[in-house]
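Chemist: Quick one: the structure is below, questions incoming.
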Protein chains: 2
Amino acid sequence: MGRYGTRDDMIVHEEQPFNAETGLAALADTLTATDAFYVRGHGPVPEIDPSAWRLLVHGAVERDLDLSLATLRGAFEEREVVATLQCAGNRRRGLIAIRDIPGEAPWGPGATGTATWTGVALADVLALAGPRREAEHVGFEGTDVSAEAEPVERFGGSIPLDKARRHEVLLAWAMNGEPLPLVHGAPVRVVVPGYIGARSVKWLERIEVRATPWPGHFQNVVYRLLPEDGRPGAGVGMPLGLVALNSEILSPVEGEAVPSGPTEVRGYAFAGGERYVARVDVSTDGGSSWFQAELLDDLGLWAWRQWRITVDLAPGDHEIVVRAWDSSAATQPEGEAGLWNPKGYVNNARPRVRVHAVDA
Amino acid sequence: MGRYGTRDDMIVHEEQPFNAETGLAALADTLTATDAFYVRGHGPVPEIDPSAWRLLVHGAVERDLDLSLATLRGAFEEREVVATLQCAGNRRRGLIAIRDIPGEAPWGPGATGTATWTGVALADVLALAGPRREAEHVGFEGTDVSAEAEPVERFGGSIPLDKARRHEVLLAWAMNGEPLPLVHGAPVRVVVPGYIGARSVKWLERIEVRATPWPGHFQNVVYRLLPEDGRPGAGVGMPLGLVALNSEILSPVEGEAVPSGPTEVRGYAFAGGERYVARVDVSTDGGSSWFQAELLDDLGLWAWRQWRITVDLAPGDHEIVVRAWDSSAATQPEGEAGLWNPKGYVNNARPRVRVHAVDA
């Protein structure tokens, strides 16, 4: 077993802070196993005594709240949401292949996963606190301290109040029906479906209702899309939030030799925000002609769609390309070349794998 | 003056039913003049006596409503929304350039426009009717009869109830501060910000709350994205709804000779759904390097952004390319080749114009 109870087949990018991505086998499951779920951290994993844990809700509210775990669990309706989390750095490897991105982990397609989350709606907690007229954003602060900021600071981020008032945003204490593991934010984490993973703050201990977005390092400096020649700085670049339409091929893999004839191609596709995956096309000739893949289990608006298709491969080399379409009929950009950015976020180019079909 | 009080410089694609797009000059204004606003119709423009007009609200509701115009205007709070409407066939011309699309108008970039709309929130009317538990969609039917369907039928369409309950969806009787012109749906039209224009049903006379999407021709057969080799049919293809991220270059125009040196490039960009335009990049070398354009007046979440940039053009030929980014950090697909579809919808490829800079 790996650290923090994670599976051995996770791909560990960093030990301290612990950062590990889900392996291809586990990624192909409809729901991602908890012990294979990706971990993205910016500081040491904090140890929190659940019986001593308190959640402070304050800022632009009519009344501050100071809630114990028992109160949080007892005072509000319990809700369950199936949601995909996805790191803004998912698939960064494809951008690094174009030009190196020093200091950033080369995440493959496994900085994402889908779980069932159980908790209470942030909206219900906010309704009790009563956002004041000037409230426009809801900030979250964790217990974890990150040395990536100077001076060091606790990890945090915010979402618009309009999103925070929607019932899919949870303060969650369970994942896939089991108590939330420490490495995933126990005792309570935020789950913001459709937003980059960085907003689903782990080890939550403070909610601040604000007139402006979160001013901390992890929203004001990083997790922002810079132009190709940009340099990170306070307020520089486009703040990330909604997850852009994305997809990945999980099987076959790059360079694989497969028997010629019928070959199954599988993968995932995910549309953030309030969009859903409407169609997935697969090409075996580099993108000249396309076939529609079958969309597998529909887990609802907040989750990815796994997909599959059987294609017929003649002996020889083939380039398999995939393009997902969201419910606005938008599709993915063709290539990664135009997507490179200094922090390596939002690689949502059409995935490609080259395979060699061997006369069987 | 053109038909129905429209300006002479509109580009008329069809006289019966009347279909005309906004010219480039009017498109470059932040708010589109009413008499230059694009018109997309599927049947003869009906003449409606406002004093005799009634709006029926029925279907999966607790109580049916049968409202006069005076009641509609008097019983609910008046609201104003600045919203861009965009036809799903906007920029079809670029797809036709790849392969002809018989029977469909070759819309350029002017099947879109932005206006101030005044009316009441559909949400308020629905609240009075009381959607029943099974309600999931809200259908709209106009007075106009279209011979494009067999047998002929009134134009109609639906949106999800979740969207219908948002306050930006209006039943509107005014446009840019003046009574709604006949050709734009008087006395009352629906305005569904962020959705394809086809859902903003004109000459509204019936609202049907439903468990399922609108079964009529204009939602179940057309306004659906077919695969490249698809053929229209009931329920075939992806139903369109949210408008995909799009942009256009309004100046300079294709083939234009411009003086070398500083040249202003202008255009619009629009992100449908609940997204906004976060950035617009302009390239003068066909897409190899990019500059960020200035985003002009911010009219709110439901409107386009006009943009401009001054680029320096050396004497010679240049290909200007634009890519907009939405608030999920998604950008437009590179080219039109992969977007061609049998009905010619959703051309949201990066716009390109070739210009010749003349030594000044």
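Letters A, B, ... mark the chains of the structure tokens in the order given; residue numbers begin at 1 per chain; ligand numbers begin at 1, in order shown.
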Give as a PDB file with all heavy atoms, in the first residue's frame every residue of chain B that touches chain A within 9 Å, counting only C-alpha atoms.
Modeler:
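Contents of part_2.pdb, freshly written:
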```pdb
ATOM      1  N   TYR B 195     -28.939  31.001 -24.991  1.00  0.00           N
ATOM      2  CA  TYR B 195     -29.409  29.880 -25.805  1.00  0.00           C
ATOM      3  C   TYR B 195     -29.497  30.299 -27.269  1.00  0.00           C
ATOM      4  O   TYR B 195     -29.600  31.498 -27.573  1.00  0.00           O
ATOM      5  CB  TYR B 195     -30.786  29.412 -25.314  1.00  0.00           C
ATOM      6  CG  TYR B 195     -30.712  28.408 -24.179  1.00  0.00           C
ATOM      7  CD1 TYR B 195     -30.094  28.736 -22.976  1.00  0.00           C
ATOM      8  CD2 TYR B 195     -31.232  27.118 -24.315  1.00  0.00           C
ATOM      9  CE1 TYR B 195     -30.015  27.823 -21.938  1.00  0.00           C
ATOM     10  CE2 TYR B 195     -31.157  26.194 -23.274  1.00  0.00           C
ATOM     11  CZ  TYR B 195     -30.549  26.552 -22.095  1.00  0.00           C
ATOM     12  OH  TYR B 195     -30.469  25.637 -21.064  1.00  0.00           O
ATOM     13  N   LEU B 225     -27.455  19.048 -33.993  1.00  0.00           N
ATOM     14  CA  LEU B 225     -26.155  18.872 -34.640  1.00  0.00           C
ATOM     15  C   LEU B 225     -26.018  17.419 -35.076  1.00  0.00           C
ATOM     16  O   LEU B 225     -25.978  16.506 -34.248  1.00  0.00           O
ATOM     17  CB  LEU B 225     -25.018  19.233 -33.683  1.00  0.00           C
ATOM     18  CG  LEU B 225     -23.645  19.322 -34.378  1.00  0.00           C
ATOM     19  CD1 LEU B 225     -23.537  20.624 -35.162  1.00  0.00           C
ATOM     20  CD2 LEU B 225     -22.519  19.225 -33.364  1.00  0.00           C
ATOM     21  N   PRO B 227     -23.960  14.306 -37.106  1.00  0.00           N
ATOM     22  CA  PRO B 227     -22.606  13.966 -37.547  1.00  0.00           C
ATOM     23  C   PRO B 227     -22.467  14.269 -39.036  1.00  0.00           C
ATOM     24  O   PRO B 227     -23.461  14.462 -39.742  1.00  0.00           O
ATOM     25  CB  PRO B 227     -22.504  12.469 -37.257  1.00  0.00           C
ATOM     26  CG  PRO B 227     -23.901  11.983 -37.135  1.00  0.00           C
ATOM     27  CD  PRO B 227     -24.738  13.148 -36.686  1.00  0.00           C
ATOM     28  N   GLU B 228     -21.242  14.325 -39.503  1.00  0.00           N
ATOM     29  CA  GLU B 228     -20.964  14.749 -40.868  1.00  0.00           C
ATOM     30  C   GLU B 228     -21.775  13.962 -41.904  1.00  0.00           C
ATOM     31  O   GLU B 228     -22.215  14.508 -42.903  1.00  0.00           O
ATOM     32  CB  GLU B 228     -19.459  14.589 -41.137  1.00  0.00           C
ATOM     33  CG  GLU B 228     -18.988  15.308 -42.375  1.00  0.00           C
ATOM     34  CD  GLU B 228     -17.464  15.339 -42.479  1.00  0.00           C
ATOM     35  OE1 GLU B 228     -16.783  15.159 -41.442  1.00  0.00           O
ATOM     36  OE2 GLU B 228     -16.973  15.525 -43.612  1.00  0.00           O
ATOM     37  N   MET B 238     -27.625  15.775 -31.954  1.00  0.00           N
ATOM     38  CA  MET B 238     -27.531  16.407 -30.639  1.00  0.00           C
ATOM     39  C   MET B 238     -28.407  17.656 -30.608  1.00  0.00           C
ATOM     40  O   MET B 238     -28.252  18.535 -31.447  1.00  0.00           O
ATOM     41  CB  MET B 238     -26.053  16.806 -30.453  1.00  0.00           C
ATOM     42  CG  MET B 238     -25.714  17.497 -29.166  1.00  0.00           C
ATOM     43  SD  MET B 238     -24.082  18.352 -29.317  1.00  0.00           S
ATOM     44  CE  MET B 238     -23.061  17.111 -30.117  1.00  0.00           C
ATOM     45  N   PRO B 239     -29.379  17.727 -29.696  1.00  0.00           N
ATOM     46  CA  PRO B 239     -30.208  18.928 -29.656  1.00  0.00           C
ATOM     47  C   PRO B 239     -29.368  20.137 -29.281  1.00  0.00           C
ATOM     48  O   PRO B 239     -28.575  20.081 -28.344  1.00  0.00           O
ATOM     49  CB  PRO B 239     -31.233  18.626 -28.560  1.00  0.00           C
ATOM     50  CG  PRO B 239     -30.601  17.580 -27.705  1.00  0.00           C
ATOM     51  CD  PRO B 239     -29.686  16.785 -28.607  1.00  0.00           C
ATOM     52  N   LEU B 240     -29.516  21.224 -30.023  1.00  0.00           N
ATOM     53  CA  LEU B 240     -28.776  22.434 -29.675  1.00  0.00           C
ATOM     54  C   LEU B 240     -29.530  23.193 -28.590  1.00  0.00           C
ATOM     55  O   LEU B 240     -30.732  23.039 -28.421  1.00  0.00           O
ATOM     56  CB  LEU B 240     -28.588  23.300 -30.919  1.00  0.00           C
ATOM     57  CG  LEU B 240     -27.778  22.610 -32.021  1.00  0.00           C
ATOM     58  CD1 LEU B 240     -27.727  23.475 -33.270  1.00  0.00           C
ATOM     59  CD2 LEU B 240     -26.367  22.293 -31.530  1.00  0.00           C
ATOM     60  N   GLY B 241     -28.816  23.987 -27.861  1.00  0.00           N
ATOM     61  CA  GLY B 241     -29.433  24.764 -26.781  1.00  0.00           C
ATOM     62  C   GLY B 241     -28.498  25.908 -26.442  1.00  0.00           C
ATOM     63  O   GLY B 241     -28.596  26.983 -27.013  1.00  0.00           O
ATOM     64  N   LEU B 242     -27.566  25.662 -25.529  1.00  0.00           N
ATOM     65  CA  LEU B 242     -26.562  26.656 -25.188  1.00  0.00           C
ATOM     66  C   LEU B 242     -25.780  27.056 -26.438  1.00  0.00           C
ATOM     67  O   LEU B 242     -25.469  26.216 -27.277  1.00  0.00           O
ATOM     68  CB  LEU B 242     -25.573  26.067 -24.175  1.00  0.00           C
ATOM     69  CG  LEU B 242     -26.169  25.536 -22.879  1.00  0.00           C
ATOM     70  CD1 LEU B 242     -25.072  24.888 -22.035  1.00  0.00           C
ATOM     71  CD2 LEU B 242     -26.849  26.648 -22.119  1.00  0.00           C
ATOM     72  N   VAL B 243     -25.428  28.326 -26.528  1.00  0.00           N
ATOM     73  CA  VAL B 243     -24.613  28.794 -27.641  1.00  0.00           C
ATOM     74  C   VAL B 243     -23.143  28.505 -27.342  1.00  0.00           C
ATOM     75  O   VAL B 243     -22.648  28.813 -26.254  1.00  0.00           O
ATOM     76  CB  VAL B 243     -24.802  30.315 -27.844  1.00  0.00           C
ATOM     77  CG1 VAL B 243     -23.869  30.835 -28.938  1.00  0.00           C
ATOM     78  CG2 VAL B 243     -26.249  30.629 -28.186  1.00  0.00           C
ATOM     79  N   ALA B 244     -22.462  27.910 -28.298  1.00  0.00           N
ATOM     80  CA  ALA B 244     -21.030  27.636 -28.143  1.00  0.00           C
ATOM     81  C   ALA B 244     -20.230  28.933 -28.263  1.00  0.00           C
ATOM     82  O   ALA B 244     -20.614  29.856 -28.992  1.00  0.00           O
ATOM     83  CB  ALA B 244     -20.571  26.636 -29.193  1.00  0.00           C
ATOM     84  N   LEU B 245     -19.120  28.977 -27.572  1.00  0.00           N
ATOM     85  CA  LEU B 245     -18.176  30.098 -27.666  1.00  0.00           C
ATOM     86  C   LEU B 245     -17.878  30.429 -29.129  1.00  0.00           C
ATOM     87  O   LEU B 245     -17.570  29.528 -29.910  1.00  0.00           O
ATOM     88  CB  LEU B 245     -16.883  29.700 -26.959  1.00  0.00           C
ATOM     89  CG  LEU B 245     -15.718  30.672 -27.051  1.00  0.00           C
ATOM     90  CD1 LEU B 245     -16.022  31.939 -26.270  1.00  0.00           C
ATOM     91  CD2 LEU B 245     -14.445  30.012 -26.538  1.00  0.00           C
ATOM     92  N   GLY B 272     -21.923  31.545 -24.719  1.00  0.00           N
ATOM     93  CA  GLY B 272     -23.294  31.274 -24.308  1.00  0.00           C
ATOM     94  C   GLY B 272     -23.356  30.658 -22.924  1.00  0.00           C
ATOM     95  O   GLY B 272     -22.386  30.625 -22.173  1.00  0.00           O
ATOM     96  N   GLY B 273     -24.525  30.135 -22.613  1.00  0.00           N
ATOM     97  CA  GLY B 273     -24.714  29.528 -21.301  1.00  0.00           C
ATOM     98  C   GLY B 273     -24.428  30.550 -20.226  1.00  0.00           C
ATOM     99  O   GLY B 273     -24.762  31.716 -20.351  1.00  0.00           O
ATOM    100  N   GLU B 274     -23.799  30.118 -19.155  1.00  0.00           N
ATOM    101  CA  GLU B 274     -23.506  31.066 -18.077  1.00  0.00           C
ATOM    102  C   GLU B 274     -22.040  31.468 -18.105  1.00  0.00           C
ATOM    103  O   GLU B 274     -21.471  31.825 -17.093  1.00  0.00           O
ATOM    104  CB  GLU B 274     -23.885  30.440 -16.742  1.00  0.00           C
ATOM    105  CG  GLU B 274     -25.359  30.071 -16.743  1.00  0.00           C
ATOM    106  CD  GLU B 274     -25.837  29.485 -15.435  1.00  0.00           C
ATOM    107  OE1 GLU B 274     -25.352  29.905 -14.386  1.00  0.00           O
ATOM    108  OE2 GLU B 274     -26.707  28.602 -15.490  1.00  0.00           O
ATOM    109  N   ARG B 275     -21.437  31.365 -19.258  1.00  0.00           N
ATOM    110  CA  ARG B 275     -20.025  31.701 -19.368  1.00  0.00           C
ATOM    111  C   ARG B 275     -19.854  33.110 -19.901  1.00  0.00           C
ATOM    112  O   ARG B 275     -20.762  33.673 -20.487  1.00  0.00           O
ATOM    113  CB  ARG B 275     -19.342  30.695 -20.278  1.00  0.00           C
ATOM    114  CG  ARG B 275     -19.509  29.305 -19.693  1.00  0.00           C
ATOM    115  CD  ARG B 275     -18.661  28.276 -20.325  1.00  0.00           C
ATOM    116  NE  ARG B 275     -18.880  27.013 -19.626  1.00  0.00           N
ATOM    117  CZ  ARG B 275     -18.266  25.885 -19.897  1.00  0.00           C
ATOM    118  NH1 ARG B 275     -17.400  25.837 -20.879  1.00  0.00           N
ATOM    119  NH2 ARG B 275     -18.521  24.794 -19.196  1.00  0.00           N
ATOM    120  N   ALA B 278     -13.520  35.660 -21.524  1.00  0.00           N
ATOM    121  CA  ALA B 278     -12.471  36.019 -20.575  1.00  0.00           C
ATOM    122  C   ALA B 278     -11.268  36.643 -21.270  1.00  0.00           C
ATOM    123  O   ALA B 278     -10.517  37.399 -20.648  1.00  0.00           O
ATOM    124  CB  ALA B 278     -12.032  34.792 -19.785  1.00  0.00           C
ATOM    125  N   ARG B 279     -11.070  36.315 -22.534  1.00  0.00           N
ATOM    126  CA  ARG B 279      -9.889  36.814 -23.236  1.00  0.00           C
ATOM    127  C   ARG B 279     -10.107  36.642 -24.730  1.00  0.00           C
ATOM    128  O   ARG B 279     -10.791  35.703 -25.148  1.00  0.00           O
ATOM    129  CB  ARG B 279      -8.662  35.995 -22.807  1.00  0.00           C
ATOM    130  CG  ARG B 279      -7.317  36.630 -23.058  1.00  0.00           C
ATOM    131  CD  ARG B 279      -6.200  35.788 -22.424  1.00  0.00           C
ATOM    132  NE  ARG B 279      -5.514  34.983 -23.408  1.00  0.00           N
ATOM    133  CZ  ARG B 279      -4.694  33.958 -23.111  1.00  0.00           C
ATOM    134  NH1 ARG B 279      -4.488  33.597 -21.859  1.00  0.00           N
ATOM    135  NH2 ARG B 279      -4.100  33.289 -24.064  1.00  0.00           N
ATOM    136  N   GLY B 287      -1.596  32.411 -36.722  1.00  0.00           N
ATOM    137  CA  GLY B 287      -1.833  31.636 -35.507  1.00  0.00           C
ATOM    138  C   GLY B 287      -0.574  31.152 -34.811  1.00  0.00           C
ATOM    139  O   GLY B 287      -0.649  30.365 -33.869  1.00  0.00           O
ATOM    140  N   SER B 288       0.594  31.624 -35.251  1.00  0.00           N
ATOM    141  CA  SER B 288       1.835  31.202 -34.591  1.00  0.00           C
ATOM    142  C   SER B 288       2.076  31.995 -33.306  1.00  0.00           C
ATOM    143  O   SER B 288       2.480  31.446 -32.295  1.00  0.00           O
ATOM    144  CB  SER B 288       3.033  31.383 -35.529  1.00  0.00           C
ATOM    145  OG  SER B 288       2.867  30.571 -36.663  1.00  0.00           O
ATOM    146  N   SER B 289       1.837  33.293 -33.354  1.00  0.00           N
ATOM    147  CA  SER B 289       2.022  34.115 -32.151  1.00  0.00           C
ATOM    148  C   SER B 289       0.762  34.954 -31.947  1.00  0.00           C
ATOM    149  O   SER B 289       0.019  35.221 -32.896  1.00  0.00           O
ATOM    150  CB  SER B 289       3.253  35.008 -32.299  1.00  0.00           C
ATOM    151  OG  SER B 289       3.109  35.852 -33.419  1.00  0.00           O
ATOM    152  N   TRP B 290       0.550  35.335 -30.705  1.00  0.00           N
ATOM    153  CA  TRP B 290      -0.735  35.942 -30.344  1.00  0.00           C
ATOM    154  C   TRP B 290      -0.549  37.190 -29.501  1.00  0.00           C
ATOM    155  O   TRP B 290       0.365  37.278 -28.693  1.00  0.00           O
ATOM    156  CB  TRP B 290      -1.575  34.931 -29.544  1.00  0.00           C
ATOM    157  CG  TRP B 290      -1.893  33.685 -30.305  1.00  0.00           C
ATOM    158  CD1 TRP B 290      -1.136  32.545 -30.346  1.00  0.00           C
ATOM    159  CD2 TRP B 290      -3.021  33.452 -31.151  1.00  0.00           C
ATOM    160  NE1 TRP B 290      -1.742  31.617 -31.160  1.00  0.00           N
ATOM    161  CE2 TRP B 290      -2.909  32.138 -31.671  1.00  0.00           C
ATOM    162  CE3 TRP B 290      -4.140  34.226 -31.521  1.00  0.00           C
ATOM    163  CZ2 TRP B 290      -3.843  31.593 -32.539  1.00  0.00           C
ATOM    164  CZ3 TRP B 290      -5.073  33.671 -32.380  1.00  0.00           C
ATOM    165  CH2 TRP B 290      -4.923  32.371 -32.888  1.00  0.00           C
ATOM    166  N   PHE B 291      -1.453  38.131 -29.655  1.00  0.00           N
ATOM    167  CA  PHE B 291      -1.528  39.332 -28.814  1.00  0.00           C
ATOM    168  C   PHE B 291      -2.921  39.388 -28.196  1.00  0.00           C
ATOM    169  O   PHE B 291      -3.890  39.004 -28.840  1.00  0.00           O
ATOM    170  CB  PHE B 291      -1.305  40.594 -29.657  1.00  0.00           C
ATOM    171  CG  PHE B 291      -0.036  40.572 -30.450  1.00  0.00           C
ATOM    172  CD1 PHE B 291      -0.036  40.161 -31.781  1.00  0.00           C
ATOM    173  CD2 PHE B 291       1.172  40.948 -29.863  1.00  0.00           C
ATOM    174  CE1 PHE B 291       1.139  40.130 -32.524  1.00  0.00           C
ATOM    175  CE2 PHE B 291       2.349  40.917 -30.601  1.00  0.00           C
ATOM    176  CZ  PHE B 291       2.332  40.507 -31.929  1.00  0.00           C
ATOM    177  N   GLN B 292      -2.990  39.907 -26.981  1.00  0.00           N
ATOM    178  CA  GLN B 292      -4.300  40.026 -26.337  1.00  0.00           C
ATOM    179  C   GLN B 292      -5.007  41.300 -26.759  1.00  0.00           C
ATOM    180  O   GLN B 292      -4.452  42.388 -26.656  1.00  0.00           O
ATOM    181  CB  GLN B 292      -4.167  40.035 -24.815  1.00  0.00           C
ATOM    182  CG  GLN B 292      -4.125  38.640 -24.217  1.00  0.00           C
ATOM    183  CD  GLN B 292      -4.209  38.684 -22.703  1.00  0.00           C
ATOM    184  OE1 GLN B 292      -5.141  39.243 -22.148  1.00  0.00           O
ATOM    185  NE2 GLN B 292      -3.240  38.089 -22.047  1.00  0.00           N
ATOM    186  N   ASP B 326     -13.353  31.362 -23.154  1.00  0.00           N
ATOM    187  CA  ASP B 326     -14.441  31.611 -22.217  1.00  0.00           C
ATOM    188  C   ASP B 326     -13.952  31.444 -20.777  1.00  0.00           C
ATOM    189  O   ASP B 326     -12.780  31.180 -20.527  1.00  0.00           O
ATOM    190  CB  ASP B 326     -15.668  30.739 -22.535  1.00  0.00           C
ATOM    191  CG  ASP B 326     -15.494  29.276 -22.170  1.00  0.00           C
ATOM    192  OD1 ASP B 326     -14.579  28.926 -21.392  1.00  0.00           O
ATOM    193  OD2 ASP B 326     -16.301  28.464 -22.645  1.00  0.00           O
ATOM    194  N   SER B 327     -14.848  31.616 -19.834  1.00  0.00           N
ATOM    195  CA  SER B 327     -14.474  31.613 -18.423  1.00  0.00           C
ATOM    196  C   SER B 327     -14.124  30.227 -17.890  1.00  0.00           C
ATOM    197  O   SER B 327     -13.727  30.095 -16.737  1.00  0.00           O
ATOM    198  CB  SER B 327     -15.584  32.250 -17.583  1.00  0.00           C
ATOM    199  OG  SER B 327     -16.853  31.796 -17.994  1.00  0.00           O
ATOM    200  N   SER B 328     -14.223  29.193 -18.706  1.00  0.00           N
ATOM    201  CA  SER B 328     -13.697  27.877 -18.317  1.00  0.00           C
ATOM    202  C   SER B 328     -12.301  27.694 -18.906  1.00  0.00           C
ATOM    203  O   SER B 328     -11.725  26.614 -18.785  1.00  0.00           O
ATOM    204  CB  SER B 328     -14.607  26.750 -18.810  1.00  0.00           C
ATOM    205  OG  SER B 328     -14.384  26.473 -20.184  1.00  0.00           O
ATOM    206  N   ALA B 329     -11.762  28.729 -19.547  1.00  0.00           N
ATOM    207  CA  ALA B 329     -10.476  28.655 -20.240  1.00  0.00           C
ATOM    208  C   ALA B 329     -10.533  27.707 -21.435  1.00  0.00           C
ATOM    209  O   ALA B 329      -9.527  27.148 -21.847  1.00  0.00           O
ATOM    210  CB  ALA B 329      -9.327  28.272 -19.305  1.00  0.00           C
ATOM    211  N   ALA B 330     -11.718  27.538 -21.989  1.00  0.00           N
ATOM    212  CA  ALA B 330     -11.851  26.817 -23.258  1.00  0.00           C
ATOM    213  C   ALA B 330     -11.716  27.828 -24.379  1.00  0.00           C
ATOM    214  O   ALA B 330     -12.093  28.989 -24.229  1.00  0.00           O
ATOM    215  CB  ALA B 330     -13.206  26.120 -23.350  1.00  0.00           C
ATOM    216  N   THR B 331     -11.160  27.381 -25.499  1.00  0.00           N
ATOM    217  CA  THR B 331     -11.033  28.275 -26.641  1.00  0.00           C
ATOM    218  C   THR B 331     -11.680  27.636 -27.865  1.00  0.00           C
ATOM    219  O   THR B 331     -12.226  26.538 -27.788  1.00  0.00           O
ATOM    220  CB  THR B 331      -9.554  28.672 -26.874  1.00  0.00           C
ATOM    221  OG1 THR B 331      -9.484  29.669 -27.895  1.00  0.00           O
ATOM    222  CG2 THR B 331      -8.704  27.472 -27.270  1.00  0.00           C
ATOM    223  N   GLN B 332     -11.657  28.334 -28.984  1.00  0.00           N
ATOM    224  CA  GLN B 332     -12.362  27.886 -30.178  1.00  0.00           C
ATOM    225  C   GLN B 332     -11.538  26.863 -30.949  1.00  0.00           C
ATOM    226  O   GLN B 332     -10.307  26.931 -30.949  1.00  0.00           O
ATOM    227  CB  GLN B 332     -12.630  29.093 -31.082  1.00  0.00           C
ATOM    228  CG  GLN B 332     -13.440  30.175 -30.429  1.00  0.00           C
ATOM    229  CD  GLN B 332     -13.564  31.385 -31.352  1.00  0.00           C
ATOM    230  OE1 GLN B 332     -13.039  32.443 -31.065  1.00  0.00           O
ATOM    231  NE2 GLN B 332     -14.259  31.232 -32.459  1.00  0.00           N
ATOM    232  N   PRO B 333     -12.208  25.953 -31.662  1.00  0.00           N
ATOM    233  CA  PRO B 333     -11.454  25.028 -32.504  1.00  0.00           C
ATOM    234  C   PRO B 333     -10.771  25.784 -33.647  1.00  0.00           C
ATOM    235  O   PRO B 333     -11.273  26.802 -34.117  1.00  0.00           O
ATOM    236  CB  PRO B 333     -12.501  24.044 -33.026  1.00  0.00           C
ATOM    237  CG  PRO B 333     -13.825  24.654 -32.748  1.00  0.00           C
ATOM    238  CD  PRO B 333     -13.654  25.692 -31.671  1.00  0.00           C
ATOM    239  N   GLU B 334      -9.623  25.264 -34.084  1.00  0.00           N
ATOM    240  CA  GLU B 334      -8.799  25.972 -35.062  1.00  0.00           C
ATOM    241  C   GLU B 334      -9.531  26.231 -36.375  1.00  0.00           C
ATOM    242  O   GLU B 334      -9.556  27.356 -36.859  1.00  0.00           O
ATOM    243  CB  GLU B 334      -7.510  25.175 -35.358  1.00  0.00           C
ATOM    244  CG  GLU B 334      -6.419  25.329 -34.321  1.00  0.00           C
ATOM    245  CD  GLU B 334      -6.565  24.360 -33.148  1.00  0.00           C
ATOM    246  OE1 GLU B 334      -7.698  23.869 -32.914  1.00  0.00           O
ATOM    247  OE2 GLU B 334      -5.565  24.106 -32.464  1.00  0.00           O
ATOM    248  N   GLY B 335     -10.060  25.175 -36.965  1.00  0.00           N
ATOM    249  CA  GLY B 335     -10.567  25.339 -38.326  1.00  0.00           C
ATOM    250  C   GLY B 335     -11.964  24.792 -38.510  1.00  0.00           C
ATOM    251  O   GLY B 335     -12.497  24.066 -37.666  1.00  0.00           O
ATOM    252  N   GLY B 338     -13.300  20.387 -39.576  1.00  0.00           N
ATOM    253  CA  GLY B 338     -13.863  19.339 -38.726  1.00  0.00           C
ATOM    254  C   GLY B 338     -15.231  19.661 -38.176  1.00  0.00           C
ATOM    255  O   GLY B 338     -15.822  18.859 -37.462  1.00  0.00           O
ATOM    256  N   LEU B 339     -15.736  20.854 -38.507  1.00  0.00           N
ATOM    257  CA  LEU B 339     -17.010  21.269 -37.924  1.00  0.00           C
ATOM    258  C   LEU B 339     -18.174  21.130 -38.894  1.00  0.00           C
ATOM    259  O   LEU B 339     -19.331  21.292 -38.521  1.00  0.00           O
ATOM    260  CB  LEU B 339     -16.920  22.727 -37.460  1.00  0.00           C
ATOM    261  CG  LEU B 339     -15.831  23.037 -36.421  1.00  0.00           C
ATOM    262  CD1 LEU B 339     -15.851  24.521 -36.070  1.00  0.00           C
ATOM    263  CD2 LEU B 339     -16.013  22.189 -35.164  1.00  0.00           C
ATOM    264  N   VAL B 346     -23.526  25.857 -35.838  1.00  0.00           N
ATOM    265  CA  VAL B 346     -22.429  25.990 -34.869  1.00  0.00           C
ATOM    266  C   VAL B 346     -21.054  26.049 -35.515  1.00  0.00           C
ATOM    267  O   VAL B 346     -20.144  25.301 -35.158  1.00  0.00           O
ATOM    268  CB  VAL B 346     -22.454  24.862 -33.806  1.00  0.00           C
ATOM    269  CG1 VAL B 346     -21.594  25.260 -32.602  1.00  0.00           C
ATOM    270  CG2 VAL B 346     -23.851  24.535 -33.351  1.00  0.00           C
ATOM    271  N   ASN B 348     -18.096  27.610 -35.066  1.00  0.00           N
ATOM    272  CA  ASN B 348     -17.405  28.466 -34.098  1.00  0.00           C
ATOM    273  C   ASN B 348     -15.893  28.358 -34.241  1.00  0.00           C
ATOM    274  O   ASN B 348     -15.141  28.573 -33.295  1.00  0.00           O
ATOM    275  CB  ASN B 348     -17.861  28.183 -32.657  1.00  0.00           C
ATOM    276  CG  ASN B 348     -17.328  26.875 -32.121  1.00  0.00           C
ATOM    277  OD1 ASN B 348     -17.071  25.958 -32.886  1.00  0.00           O
ATOM    278  ND2 ASN B 348     -17.173  26.781 -30.815  1.00  0.00           N
TER     279      ASN B 348
END
```
Chemist: List every residue of region 143-307 of chain B that DSSP, applied to the backbone, labels as strand (DSSP E), and write the result as a ChimeraX atom specification.
Modeler: /B:143-146,153-160,170-175,178-179,189-191,204-210,224-225,238-239,246-251,257-259,261-270,277-283,291-292,294-295,305-307
Chemist: So which bits of region 29-264 of chain A end up alpha helix (DSSP H) when you DSSP the backbone, as a PyMOL selection string?
Modeler: chain A and resi 69-75+92-96+122-129+161-164+217-220
Chemist: Would you mind reading off the distance between CA of Val120 (chain A) and CA of Phe76 (chain A), one decimal, in Å?
Modeler: 6.2 Å
Chemist: Give me, as a tab-separated table, each residue of region 16-85 of chain B that comes within 8 Å of region 166-179 of chain B, together with its shortest interatomic pair and the distance in Å at one decimal, counting only C-alpha atoms, with rows ordered by chain and rising residue number.
Modeler:
```
residue	atom	partner	partner_atom	distance
B:Ala33	CA	B:Asn176	CA	7.7
B:Thr34	CA	B:Asn176	CA	6.8
B:Arg79	CA	B:Leu170	CA	7.8
B:Val81	CA	B:Glu168	CA	6.4
```
